[in-house]
$ cat model-v5.cif   # mmCIF, C-alpha atoms and all ligand atoms
data_my_file
loop_
_atom_site.label_atom_id
_atom_site.label_comp_id
_atom_site.auth_asym_id
_atom_site.auth_seq_id
_atom_site.Cartn_x
_atom_site.Cartn_y
_atom_site.Cartn_z
CA MET O 1 85.58 -53.16 14.10
CA LYS O 2 83.14 -52.36 16.87
CA PRO O 3 80.62 -55.17 17.45
CA LEU O 4 77.42 -55.03 15.44
CA ALA O 5 74.06 -54.61 17.11
CA SER O 6 73.05 -57.65 19.16
CA ARG O 7 69.74 -57.88 17.26
CA THR O 8 71.71 -58.93 14.19
CA LEU O 9 73.56 -61.80 15.87
CA ASN O 10 71.03 -64.50 15.09
CA LEU O 11 70.22 -63.19 11.64
CA LYS O 12 71.40 -65.40 8.84
CA GLN O 13 70.48 -66.06 5.25
CA SER O 14 67.76 -68.71 5.23
CA GLY O 15 68.64 -72.11 3.80
CA ILE O 16 66.50 -71.27 0.77
CA ARG O 17 69.50 -69.82 -1.07
CA ALA O 18 71.55 -72.97 -0.49
CA VAL O 19 68.62 -75.01 -1.84
CA THR O 20 68.49 -72.81 -4.94
CA GLN O 21 72.19 -73.41 -5.54
CA MET O 22 71.82 -77.18 -5.14
CA VAL O 23 68.80 -77.22 -7.45
CA ASN O 24 70.76 -75.34 -10.11
CA GLU O 25 73.67 -77.75 -9.79
CA HIS O 26 71.26 -80.62 -10.48
CA ASN O 27 69.52 -78.78 -13.31
CA GLY O 28 66.38 -79.21 -11.25
CA ILE O 29 63.18 -77.35 -10.33
CA ASN O 30 62.96 -75.08 -7.33
CA MET O 31 59.66 -75.70 -5.57
CA GLY O 32 61.08 -74.23 -2.38
CA GLN O 33 60.85 -70.47 -2.55
CA GLY O 34 57.36 -68.98 -2.30
CA ILE O 35 57.56 -67.02 -5.52
CA CYS O 36 55.39 -67.73 -8.47
CA ASP O 37 56.88 -67.51 -11.92
CA LEU O 38 53.69 -66.36 -13.69
CA PRO O 39 53.66 -62.96 -15.46
CA THR O 40 52.25 -59.74 -13.99
CA PRO O 41 49.00 -58.83 -15.86
CA GLU O 42 49.69 -56.89 -19.06
CA ALA O 43 47.47 -53.92 -18.11
CA VAL O 44 49.36 -53.49 -14.84
CA GLN O 45 52.74 -53.63 -16.54
CA GLN O 46 51.59 -51.07 -19.12
CA GLY O 47 50.16 -48.82 -16.41
CA ALA O 48 53.55 -48.65 -14.68
CA ILE O 49 55.40 -48.06 -17.96
CA ASP O 50 52.99 -45.21 -18.81
CA ALA O 51 53.43 -43.69 -15.34
CA ILE O 52 57.22 -43.74 -15.67
CA ARG O 53 57.01 -42.18 -19.16
CA GLN O 54 54.65 -39.52 -17.83
CA ASN O 55 57.18 -38.83 -15.09
CA LYS O 56 54.89 -39.72 -12.21
CA SER O 57 58.04 -40.28 -10.27
CA ILE O 58 57.90 -38.14 -7.17
CA TYR O 59 57.13 -39.27 -3.61
CA SER O 60 53.47 -40.04 -3.09
CA TYR O 61 51.53 -39.49 0.11
CA HIS O 62 52.97 -42.03 2.61
CA SER O 63 49.76 -44.04 2.61
CA GLY O 64 49.52 -44.23 -1.18
CA ILE O 65 48.01 -42.38 -4.14
CA PRO O 66 44.29 -41.55 -3.66
CA LYS O 67 43.18 -43.54 -6.72
CA LEU O 68 44.78 -46.75 -5.46
CA ARG O 69 43.56 -46.22 -1.90
CA ALA O 70 40.02 -45.75 -3.21
CA HIS O 71 40.20 -48.97 -5.27
CA THR O 72 41.69 -50.84 -2.32
CA ALA O 73 39.03 -49.57 0.08
CA GLU O 74 36.39 -50.74 -2.38
CA LYS O 75 38.04 -54.17 -2.52
CA PHE O 76 38.24 -54.38 1.30
CA SER O 77 34.54 -53.47 1.49
CA THR O 78 33.27 -55.85 -1.16
CA PHE O 79 35.65 -58.83 -1.20
CA ASN O 80 36.64 -58.83 2.49
CA GLY O 81 33.37 -57.53 3.91
CA ILE O 82 35.14 -54.73 5.79
CA PRO O 83 33.36 -51.45 5.04
CA CYS O 84 35.98 -48.72 5.37
CA ASP O 85 36.93 -45.13 4.63
CA ALA O 86 39.54 -44.91 1.86
CA GLU O 87 41.21 -41.79 3.26
CA ARG O 88 41.31 -42.63 6.93
CA GLU O 89 41.24 -46.38 7.39
CA VAL O 90 43.20 -47.76 4.42
CA MET O 91 46.82 -47.52 3.40
CA ILE O 92 49.06 -48.82 0.63
CA THR O 93 52.28 -50.30 1.98
CA SER O 94 55.61 -51.63 0.76
CA GLY O 95 54.32 -55.17 0.49
CA SER O 96 52.42 -56.84 3.29
CA THR O 97 55.78 -57.01 5.02
CA GLY O 98 55.87 -53.21 5.27
CA ALA O 99 52.36 -53.29 6.73
CA PHE O 100 53.34 -55.92 9.30
CA VAL O 101 56.33 -53.89 10.51
CA ALA O 102 54.21 -50.72 10.76
CA ALA O 103 51.45 -52.62 12.61
CA CYS O 104 53.88 -53.98 15.20
CA LEU O 105 55.59 -50.62 15.71
CA ALA O 106 52.25 -48.85 16.01
CA THR O 107 50.82 -51.16 18.67
CA LEU O 108 53.61 -52.84 20.68
CA GLU O 109 55.97 -51.76 23.46
CA PRO O 110 59.48 -53.27 23.72
CA GLY O 111 59.28 -56.75 25.26
CA ASP O 112 55.59 -57.24 24.52
CA GLU O 113 54.56 -60.79 23.68
CA VAL O 114 52.85 -61.74 20.43
CA ILE O 115 51.20 -65.13 19.90
CA GLN O 116 52.23 -66.99 16.81
CA PHE O 117 50.63 -70.24 15.71
CA GLU O 118 53.03 -73.00 14.65
CA PRO O 119 53.98 -73.84 11.92
CA PHE O 120 54.50 -70.15 11.17
CA TYR O 121 55.61 -67.87 8.36
CA GLY O 122 59.23 -67.13 9.31
CA TYR O 123 59.28 -63.41 8.49
CA HIS O 124 56.66 -62.71 11.15
CA VAL O 125 58.75 -64.37 13.82
CA GLN O 126 62.10 -62.94 12.73
CA LEU O 127 60.67 -59.45 12.42
CA LEU O 128 59.10 -59.59 15.87
CA LYS O 129 62.46 -60.59 17.33
CA VAL O 130 64.48 -57.97 15.46
CA LEU O 131 62.02 -55.27 16.47
CA GLY O 132 62.40 -56.22 20.14
CA PHE O 133 59.12 -58.08 20.68
CA LYS O 134 58.70 -61.64 21.88
CA PRO O 135 56.97 -64.30 19.78
CA VAL O 136 55.19 -66.95 21.89
CA PHE O 137 54.30 -70.16 20.09
CA VAL O 138 51.03 -72.07 20.15
CA PRO O 139 51.13 -75.30 18.10
CA MET O 140 48.42 -76.27 15.63
CA SER O 141 47.64 -79.99 15.55
CA ASP O 142 49.80 -81.97 13.12
CA ARG O 143 48.42 -82.43 9.59
CA SER O 144 44.86 -81.21 10.33
CA TRP O 145 46.15 -77.88 11.70
CA ASN O 146 43.36 -77.37 14.23
CA ILE O 147 43.72 -74.61 16.78
CA ASP O 148 43.95 -75.66 20.43
CA PHE O 149 42.15 -72.75 22.08
CA ASP O 150 42.96 -74.08 25.57
CA ALA O 151 46.65 -73.96 24.70
CA LEU O 152 46.10 -70.44 23.35
CA GLU O 153 44.51 -69.31 26.63
CA LYS O 154 47.42 -70.82 28.56
CA ALA O 155 49.98 -68.99 26.42
CA ILE O 156 48.48 -65.58 27.18
CA THR O 157 50.24 -63.57 29.91
CA PRO O 158 49.88 -59.96 31.11
CA LYS O 159 52.58 -59.08 28.53
CA THR O 160 50.62 -60.50 25.58
CA LYS O 161 49.50 -57.72 23.24
CA ALA O 162 48.62 -59.37 19.94
CA ILE O 163 47.93 -62.56 18.00
CA VAL O 164 49.12 -63.16 14.45
CA VAL O 165 46.70 -65.00 12.17
CA THR O 166 47.97 -66.09 8.77
CA ASN O 167 44.86 -66.96 6.81
CA PRO O 168 45.21 -68.78 4.40
CA GLY O 169 48.29 -70.22 6.04
CA ASN O 170 51.85 -70.55 4.89
CA PRO O 171 53.25 -73.25 5.04
CA ASN O 172 50.20 -75.42 5.77
CA GLY O 173 47.47 -73.89 3.57
CA LYS O 174 45.06 -73.69 6.52
CA VAL O 175 41.89 -71.66 5.88
CA TRP O 176 40.33 -70.48 9.13
CA THR O 177 36.65 -71.35 9.57
CA LYS O 178 34.05 -68.88 10.76
CA LYS O 179 33.76 -70.79 14.02
CA GLU O 180 37.51 -70.63 14.62
CA LEU O 181 37.58 -66.89 13.91
CA GLU O 182 34.61 -66.31 16.21
CA THR O 183 36.29 -68.26 19.01
CA LEU O 184 39.50 -66.35 18.42
CA LEU O 185 37.62 -63.05 18.58
CA LYS O 186 36.24 -63.99 22.00
CA VAL O 187 39.80 -64.61 23.21
CA LEU O 188 40.93 -61.27 21.77
CA GLN O 189 38.05 -59.48 23.48
CA LYS O 190 38.48 -61.28 26.80
CA HIS O 191 42.17 -60.32 27.03
CA ASP O 192 41.90 -57.04 25.14
CA LEU O 193 44.38 -58.02 22.41
CA TRP O 194 45.15 -56.91 18.86
CA ALA O 195 45.02 -59.26 15.90
CA TYR O 196 47.33 -58.85 12.92
CA THR O 197 45.79 -60.86 10.10
CA ASP O 198 48.03 -61.76 7.18
CA GLU O 199 45.65 -62.40 4.27
CA VAL O 200 48.07 -62.37 1.37
CA TYR O 201 46.65 -65.60 -0.12
CA GLU O 202 43.02 -64.49 0.23
CA TYR O 203 42.11 -65.26 -3.40
CA MET O 204 43.51 -68.80 -3.26
CA THR O 205 41.09 -71.12 -1.49
CA TYR O 206 39.86 -74.54 -2.59
CA ASP O 207 37.26 -77.26 -2.05
CA GLY O 208 34.55 -74.83 -1.03
CA ASN O 209 36.68 -73.27 1.72
CA LYS O 210 35.84 -69.56 1.66
CA HIS O 211 38.20 -66.84 2.76
CA LEU O 212 36.75 -64.95 5.70
CA SER O 213 38.39 -61.83 7.13
CA LEU O 214 38.42 -61.64 10.91
CA ALA O 215 37.68 -57.90 10.73
CA SER O 216 34.39 -58.59 8.95
CA LEU O 217 32.93 -60.22 12.08
CA PRO O 218 30.82 -57.97 14.32
CA ASP O 219 32.96 -55.94 16.77
CA ALA O 220 36.22 -57.33 15.36
CA PHE O 221 37.29 -54.29 13.30
CA GLU O 222 38.27 -52.18 16.30
CA ARG O 223 41.02 -54.62 17.33
CA THR O 224 42.14 -56.03 13.98
CA ILE O 225 44.85 -54.83 11.63
CA THR O 226 44.08 -56.55 8.35
CA ILE O 227 47.13 -56.97 6.15
CA SER O 228 46.89 -57.84 2.50
CA SER O 229 49.21 -57.98 -0.48
CA PHE O 230 49.15 -57.55 -4.23
CA SER O 231 52.30 -59.69 -4.56
CA LYS O 232 50.57 -63.03 -4.95
CA THR O 233 47.26 -61.94 -6.46
CA PHE O 234 48.86 -60.17 -9.42
CA ASN O 235 52.19 -62.04 -9.62
CA MET O 236 54.23 -59.02 -8.61
CA THR O 237 56.29 -60.10 -5.60
CA GLY O 238 59.14 -57.79 -6.63
CA TRP O 239 56.97 -54.69 -6.95
CA ARG O 240 56.54 -54.54 -3.16
CA MET O 241 52.88 -53.59 -2.99
CA GLY O 242 50.62 -54.36 -0.06
CA SER O 243 47.77 -52.77 1.85
CA SER O 244 46.19 -52.56 5.25
CA VAL O 245 42.83 -51.64 6.73
CA ALA O 246 42.42 -50.81 10.42
CA PRO O 247 40.81 -48.22 12.69
CA GLU O 248 41.68 -44.62 11.81
CA GLN O 249 43.98 -44.01 14.80
CA VAL O 250 46.04 -47.08 13.92
CA ILE O 251 46.31 -46.33 10.19
CA GLU O 252 47.35 -42.77 10.96
CA LYS O 253 50.30 -44.00 13.06
CA MET O 254 51.15 -46.84 10.67
CA GLY O 255 51.29 -44.25 7.89
CA LEU O 256 53.62 -41.99 9.85
CA LEU O 257 55.86 -44.95 10.71
CA SER O 258 55.98 -46.09 7.07
CA ASP O 259 56.86 -42.52 6.13
CA LEU O 260 59.87 -42.68 8.44
CA ILE O 261 60.99 -46.11 7.27
CA TYR O 262 60.58 -45.86 3.48
CA ILE O 263 58.54 -42.66 2.82
CA CYS O 264 56.09 -44.21 0.37
CA PRO O 265 55.53 -47.22 -1.86
CA PRO O 266 57.06 -46.64 -5.34
CA THR O 267 54.81 -44.07 -7.02
CA PRO O 268 54.85 -45.26 -10.68
CA LEU O 269 54.18 -48.81 -9.55
CA GLN O 270 51.16 -47.61 -7.57
CA HIS O 271 49.81 -46.11 -10.79
CA GLY O 272 50.43 -49.39 -12.62
CA LEU O 273 48.74 -51.38 -9.90
CA SER O 274 45.66 -49.14 -10.09
CA GLU O 275 45.02 -50.67 -13.54
CA ALA O 276 44.50 -54.08 -11.93
CA PHE O 277 41.15 -52.95 -10.62
CA GLY O 278 39.78 -52.63 -14.14
CA MET O 279 40.25 -56.33 -14.74
CA PRO O 280 37.16 -58.54 -15.07
CA SER O 281 36.09 -60.74 -12.16
CA SER O 282 36.98 -63.73 -14.34
CA TYR O 283 40.64 -62.90 -13.58
CA PHE O 284 40.13 -63.97 -9.97
CA GLU O 285 37.99 -66.97 -10.90
CA ASP O 286 40.64 -68.16 -13.37
CA LEU O 287 43.37 -67.59 -10.79
CA GLY O 288 41.52 -69.77 -8.27
CA LYS O 289 40.77 -72.48 -10.84
CA ASP O 290 44.33 -72.51 -12.14
CA TYR O 291 45.87 -72.94 -8.69
CA ASP O 292 43.26 -75.54 -7.77
CA GLN O 293 44.19 -77.63 -10.81
CA LYS O 294 47.91 -77.21 -10.04
CA ARG O 295 47.32 -78.14 -6.42
CA THR O 296 45.52 -81.36 -7.37
CA GLN O 297 48.11 -82.27 -9.97
CA PHE O 298 51.08 -81.66 -7.69
CA CYS O 299 49.51 -83.27 -4.62
CA ASP O 300 48.69 -86.43 -6.58
CA ALA O 301 52.31 -86.74 -7.73
CA LEU O 302 53.64 -86.01 -4.24
CA ARG O 303 51.43 -88.73 -2.78
CA GLU O 304 52.69 -91.18 -5.37
CA ALA O 305 56.19 -90.32 -4.21
CA GLY O 306 55.27 -91.53 -0.71
CA PHE O 307 54.59 -88.18 1.01
CA GLU O 308 51.61 -87.79 3.38
CA PHE O 309 49.51 -84.69 4.02
CA GLU O 310 46.00 -83.30 4.16
CA MET O 311 45.06 -81.40 1.01
CA PRO O 312 45.93 -77.72 1.52
CA GLU O 313 42.76 -75.61 1.79
CA GLY O 314 44.34 -72.40 0.54
CA ALA O 315 47.53 -70.56 -0.55
CA TYR O 316 49.93 -72.38 -2.92
CA TYR O 317 52.01 -74.64 -0.74
CA VAL O 318 51.91 -78.23 0.43
CA PHE O 319 53.46 -78.98 3.80
CA ALA O 320 54.10 -82.68 3.47
CA SER O 321 55.38 -85.36 5.81
CA PHE O 322 58.00 -87.88 4.66
CA GLU O 323 58.04 -89.75 7.98
CA LYS O 324 56.78 -92.88 6.22
CA LEU O 325 59.69 -92.81 3.75
CA HIS O 326 62.08 -92.97 6.68
CA LYS O 327 60.25 -95.10 9.24
CA GLU O 328 58.30 -97.53 7.05
CA TYR O 329 60.37 -97.71 3.88
CA GLY O 330 63.74 -97.20 5.62
CA LEU O 331 64.84 -94.91 2.79
CA ALA O 332 68.39 -93.59 3.22
CA GLY O 333 68.77 -89.81 3.47
CA PHE O 334 65.26 -89.16 4.81
CA ASP O 335 66.06 -89.18 8.52
CA ASN O 336 65.50 -85.44 8.95
CA ASP O 337 64.21 -82.45 6.99
CA GLU O 338 67.56 -81.05 5.88
CA ASN O 339 68.83 -84.42 4.71
CA ALA O 340 65.50 -85.18 3.03
CA CYS O 341 65.63 -81.85 1.21
CA ARG O 342 69.12 -82.63 -0.05
CA THR O 343 68.33 -86.25 -0.96
CA LEU O 344 65.22 -85.25 -2.89
CA ILE O 345 67.24 -82.75 -4.92
CA GLU O 346 69.93 -85.36 -5.62
CA GLN O 347 67.37 -87.97 -6.69
CA THR O 348 64.75 -85.85 -8.47
CA GLY O 349 66.16 -82.33 -8.83
CA ILE O 350 63.19 -80.94 -6.89
CA GLY O 351 63.95 -78.27 -4.30
CA SER O 352 61.81 -77.72 -1.19
CA VAL O 353 62.09 -75.98 2.17
CA PRO O 354 63.05 -78.01 5.27
CA GLY O 355 60.28 -78.18 7.87
CA ARG O 356 62.39 -76.69 10.67
CA SER O 357 62.09 -73.26 9.00
CA PHE O 358 58.50 -73.10 10.28
CA TYR O 359 58.97 -74.08 13.94
CA ALA O 360 60.73 -72.59 16.95
CA ASP O 361 61.92 -76.09 17.87
CA PRO O 362 63.56 -77.66 14.77
CA GLU O 363 62.65 -81.15 15.98
CA LYS O 364 58.95 -80.40 15.35
CA GLY O 365 59.66 -79.84 11.65
CA ARG O 366 61.92 -82.88 11.39
CA TYR O 367 59.69 -84.89 9.03
CA TYR O 368 58.25 -82.05 6.93
CA LEU O 369 59.13 -80.40 3.64
CA ARG O 370 57.28 -77.46 2.09
CA PHE O 371 56.67 -77.33 -1.65
CA CYS O 372 55.36 -74.34 -3.63
CA TYR O 373 53.31 -75.33 -6.69
CA ALA O 374 52.92 -71.81 -8.14
CA LYS O 375 54.80 -72.77 -11.27
CA GLU O 376 54.24 -72.37 -14.98
CA GLN O 377 52.43 -75.41 -16.34
CA PRO O 378 55.34 -77.04 -18.25
CA VAL O 379 57.59 -76.66 -15.19
CA LEU O 380 54.94 -78.19 -12.94
CA ASP O 381 54.41 -81.05 -15.42
CA ASP O 382 58.14 -81.76 -15.32
CA ALA O 383 58.17 -81.68 -11.49
CA CYS O 384 55.24 -84.12 -11.30
CA HIS O 385 56.94 -86.41 -13.78
CA ARG O 386 60.10 -86.47 -11.66
CA LEU O 387 58.12 -87.21 -8.49
CA ARG O 388 56.21 -90.04 -10.17
CA ASP O 389 59.49 -91.60 -11.36
CA PHE O 390 60.77 -91.38 -7.79
CA GLY O 391 57.57 -93.06 -6.58
CA LYS O 392 57.83 -95.83 -9.20
CA LYS O 393 61.43 -96.63 -8.22
CA LEU O 394 60.32 -96.68 -4.60
CA LYS O 395 57.61 -99.24 -5.36
CA VAL O 396 60.05 -101.46 -7.27
CA GLU O 397 62.55 -101.30 -4.39
CA GLN O 398 59.84 -102.08 -1.86
CA GLY O 399 58.73 -105.03 -4.02
C1 LIG G 1 52.22 -65.57 4.61
C2 LIG G 1 52.99 -64.55 3.87
N1 LIG G 1 52.91 -63.27 4.24
C3 LIG G 1 53.60 -62.32 3.59
C4 LIG G 1 54.42 -62.61 2.53
C5 LIG G 1 55.17 -61.51 1.85
O1 LIG G 1 54.26 -60.69 1.20
P1 LIG G 1 54.68 -59.30 0.53
O2 LIG G 1 55.37 -59.63 -0.74
O3 LIG G 1 53.39 -58.62 0.32
O4 LIG G 1 55.55 -58.58 1.50
C6 LIG G 1 54.54 -63.94 2.10
C7 LIG G 1 55.44 -64.29 0.99
O5 LIG G 1 55.75 -65.42 0.72
C8 LIG G 1 53.82 -64.93 2.79
O6 LIG G 1 53.90 -66.20 2.44
#
$ encode --input "model-v5.cif" --output "structure tokens"
Amino acid sequence: MKPLASRTLNLKQSGIRAVTQMVNEHNGINMGQGICDLPTPEAVQQGAIDAIRQNKSIYSYHSGIPKLRAHTAEKFSTFNGIPCDAEREVMITSGSTGAFVAACLATLEPGDEVIQFEPFYGYHVQLLKVLGFKPVFVPMSDRSWNIDFDALEKAITPKTKAIVVTNPGNPNGKVWTKKELETLLKVLQKHDLWAYTDEVYEYMTYDGNKHLSLASLPDAFERTITISSFSKTFNMTGWRMGSSVAPEQVIEKMGLLSDLIYICPPTPLQHGLSEAFGMPSSYFEDLGKDYDQKRTQFCDALREAGFEFEMPEGAYYVFASFEKLHKEYGLAGFDNDENACRTLIEQTGIGSVPGRSFYADPEKGRYYLRFCYAKEQPVLDDACHRLRDFGKKLKVEQG
């Protein structure tokens, strides 16, 4: 066989699948993968079923059906504070991932550099590489996840074209403050850069941390491609529904690129999703409250198991350090992230994601595991129980 394209050489299935297999073997609970197991709202399900029955099954306009674009524009204007034109500045995409690909292709030349804060969401980095762009990493401070703006300035070269901002963050749950976004905007303006903002966890913020969209700041819209998703908000990761708002010229090209790559988001599912906008505002309040309670419950149990971390400010992950388990308690099997992931499954059945998945240099993620607490309540209760038992045994062993 002729060799495959060089861009595929470093592509491999992430370790998440291996974790899933191990968890199943131990009859355990997978807190690794970032999927929530809650149901899609009934009205949305019914809307899609009705659309299929009514044969609304042909290609839609590449940027989405007008009804859904109008609802989404309204949401961008009111929730995100980004006033926009539904027809020209908003598009529906195949998940936020589809929007990210279109944004990169619409704004970058081959070899262009894109700044990525570490720890990062792996798809951004892998996609940049596969598409022929170069991610450049700027670390956030450990545990408190502050941005070092001096380091950011130093990382910018004449080839830098864009900065990726994942807000709220995955894996660390960081919610960007207004001050941080304002400082970032100055950097963007000074170097004439784009920002791609991944805001897929925008409805999940805690402890008074408010989600703020970069594009809502004065003069930010013209250089920001705001990327959002319906996956997490309405528990529909498999539906592949996302959206983007950006200046007209950008959305026009992103739409044409999406057309070439996948033509349009699935039409009947767009009709189903349109029903989500009829839901009362209490849906979003309950969503926030529910995740907040789950976050507190899971974080308490994780702490009792000896893990250390700052409380996540947003999203539904905890990026926790087990350095103490290794260095202070001398616990076997916790000398690095992959071993710790395996040992935790063997001892508690709980699956997680090794920290190295979120860093360019695996050593930086050596003492971290990421847990996703978007689980149905009985499953989460079971997970917390297992972690507490682990913590109790640890205390007995440590005397
Ligand atoms: C930060 C972040 N962005 C994007 C995605 C994927 O979103 P979508 O399903 O809309 O493509 C995820 C999924 O876990 C994520 O964590």
$ atom_distance --input "model-v5.cif" --atom1 "atom O1 of ligand LIG 1 (chain G)" --atom2 "CA of Glu252 in chain O"
21.5 Å
$ closest_residue --input "model-v5.cif" --among "O:Thr233, O:Ser14, O:Ser357, O:Thr348" --to "Ile29 in chain O" --atoms "all atoms listed in the file"
O:Thr348
$ atom_distance --input "model-v5.cif" --atom1 "CA of Ser141 in chain O" --atom2 "CA of Glu118 in chain O"
8.9 Å
$ closest_residue --input "model-v5.cif" --among "O:Phe137, O:Tyr368, O:Tyr359, O:Phe120" --to "ligand LIG 1 (chain G)" --atoms "all atoms listed in the file"
O:Phe120
$ residues_near_ligand --input "model-v5.cif" --ligand "ligand LIG 1 (chain G)" --cutoff "9 Å" --atoms "only C-alpha atoms and all ligand atoms" --output "number ranges by chain"
O: 33-35, 93-100, 120-124, 166-171, 198-201, 227-232, 236-243, 315
$ atom_distance --input "model-v5.cif" --atom1 "CA of Gln116 in chain O" --atom2 "CA of Pro139 in chain O"
8.5 Å
$ residues_around --input "model-v5.cif" --residues "Ile225 in chain O" --least-positions-apart "2" --cutoff "7 Å" --atoms "all atoms listed in the file" --output "mmCIF file with C-alpha atoms, in the coordinates of the input"
data_model
loop_
_atom_site.group_PDB
_atom_site.id
_atom_site.type_symbol
_atom_site.label_atom_id
_atom_site.label_comp_id
_atom_site.auth_asym_id
_atom_site.auth_seq_id
_atom_site.Cartn_x
_atom_site.Cartn_y
_atom_site.Cartn_z
ATOM 1 C CA ALA O 195 45.020 -59.260 15.900
ATOM 2 C CA TYR O 196 47.330 -58.850 12.920
ATOM 3 C CA THR O 197 45.790 -60.860 10.100
ATOM 4 C CA ARG O 223 41.020 -54.620 17.330
ATOM 5 C CA ILE O 227 47.130 -56.970 6.150
ATOM 6 C CA SER O 244 46.190 -52.560 5.250
ATOM 7 C CA VAL O 245 42.830 -51.640 6.730
ATOM 8 C CA ALA O 246 42.420 -50.810 10.420
#
$ closest_residue --input "model-v5.cif" --among "O:Lys134, O:Arg17, O:Lys179, O:Arg388" --to "Glu113 in chain O" --atoms "all atoms listed in the file"
O:Lys134
$ residues_around --input "model-v5.cif" --residues "Lys161 in chain O" --least-positions-apart "3" --cutoff "10 Å" --atoms "only C-alpha atoms" --output "count of residues only"
18
$ closest_residue --input "model-v5.cif" --among "O:Asn30, O:Cys264, O:Gln126, O:Gln347" --to "Ser57 in chain O" --atoms "only C-alpha atoms"
O:Cys264
$ closest_residue --input "model-v5.cif" --among "O:Gln21, O:Ser281, O:Gln13, O:Ser216" --to "Cys84 in chain O" --atoms "only C-alpha atoms"
O:Ser216
$ closest_residue --input "model-v5.cif" --among "O:Val175, O:Val130, O:Leu212, O:Leu185" --to "Asn10 in chain O" --atoms "all atoms listed in the file"
O:Val130
$ residues_around --input "model-v5.cif" --residues "Gly28 in chain O" --least-positions-apart "3" --cutoff "12 Å" --atoms "only C-alpha atoms" --output "NGL selection string"
:O and (19-25 or 31-32 or 344-352 or 379-380 or 382-383 or 386-387)
$ build_atoms --input "model-v5.cif" --residues "range 291-295 of chain O" --atoms "all heavy atoms" --output "compact mmCIF listing (two decimals), in the frame of the given file"
# COMPACT_ATOMS: atom_id res chain seq x y z
N TYR O 291 45.12 -72.42 -9.84
CA TYR O 291 45.87 -72.94 -8.69
C TYR O 291 45.25 -74.24 -8.17
O TYR O 291 45.95 -75.13 -7.70
CB TYR O 291 45.96 -71.90 -7.57
CG TYR O 291 47.05 -70.88 -7.84
CD1 TYR O 291 46.78 -69.52 -7.85
CD2 TYR O 291 48.36 -71.28 -8.09
CE1 TYR O 291 47.77 -68.59 -8.10
CE2 TYR O 291 49.35 -70.36 -8.35
CZ TYR O 291 49.06 -69.02 -8.35
OH TYR O 291 50.05 -68.11 -8.61
N ASP O 292 43.93 -74.33 -8.25
CA ASP O 292 43.26 -75.54 -7.77
C ASP O 292 43.72 -76.74 -8.60
O ASP O 292 44.05 -77.81 -8.07
CB ASP O 292 41.74 -75.34 -7.89
CG ASP O 292 40.99 -76.40 -7.11
OD1 ASP O 292 41.65 -77.21 -6.43
OD2 ASP O 292 39.75 -76.42 -7.17
N GLN O 293 43.76 -76.53 -9.93
CA GLN O 293 44.19 -77.63 -10.81
C GLN O 293 45.66 -77.98 -10.52
O GLN O 293 46.02 -79.16 -10.43
CB GLN O 293 43.98 -77.16 -12.27
CG GLN O 293 44.42 -78.14 -13.33
CD GLN O 293 45.85 -77.90 -13.77
OE1 GLN O 293 46.25 -76.76 -13.96
NE2 GLN O 293 46.64 -78.96 -13.89
N LYS O 294 46.49 -76.96 -10.31
CA LYS O 294 47.91 -77.21 -10.04
C LYS O 294 48.09 -77.93 -8.70
O LYS O 294 48.91 -78.82 -8.55
CB LYS O 294 48.70 -75.90 -10.05
CG LYS O 294 48.87 -75.37 -11.46
CD LYS O 294 49.63 -74.09 -11.53
CE LYS O 294 49.93 -73.77 -13.00
NZ LYS O 294 50.29 -72.42 -13.26
N ARG O 295 47.26 -77.51 -7.74
CA ARG O 295 47.32 -78.14 -6.42
C ARG O 295 47.01 -79.63 -6.54
O ARG O 295 47.74 -80.49 -6.03
CB ARG O 295 46.28 -77.46 -5.51
CG ARG O 295 46.14 -78.08 -4.14
CD ARG O 295 44.98 -77.45 -3.39
NE ARG O 295 43.69 -77.85 -3.97
CZ ARG O 295 42.67 -78.36 -3.27
NH1 ARG O 295 42.77 -78.48 -1.97
NH2 ARG O 295 41.56 -78.69 -3.86
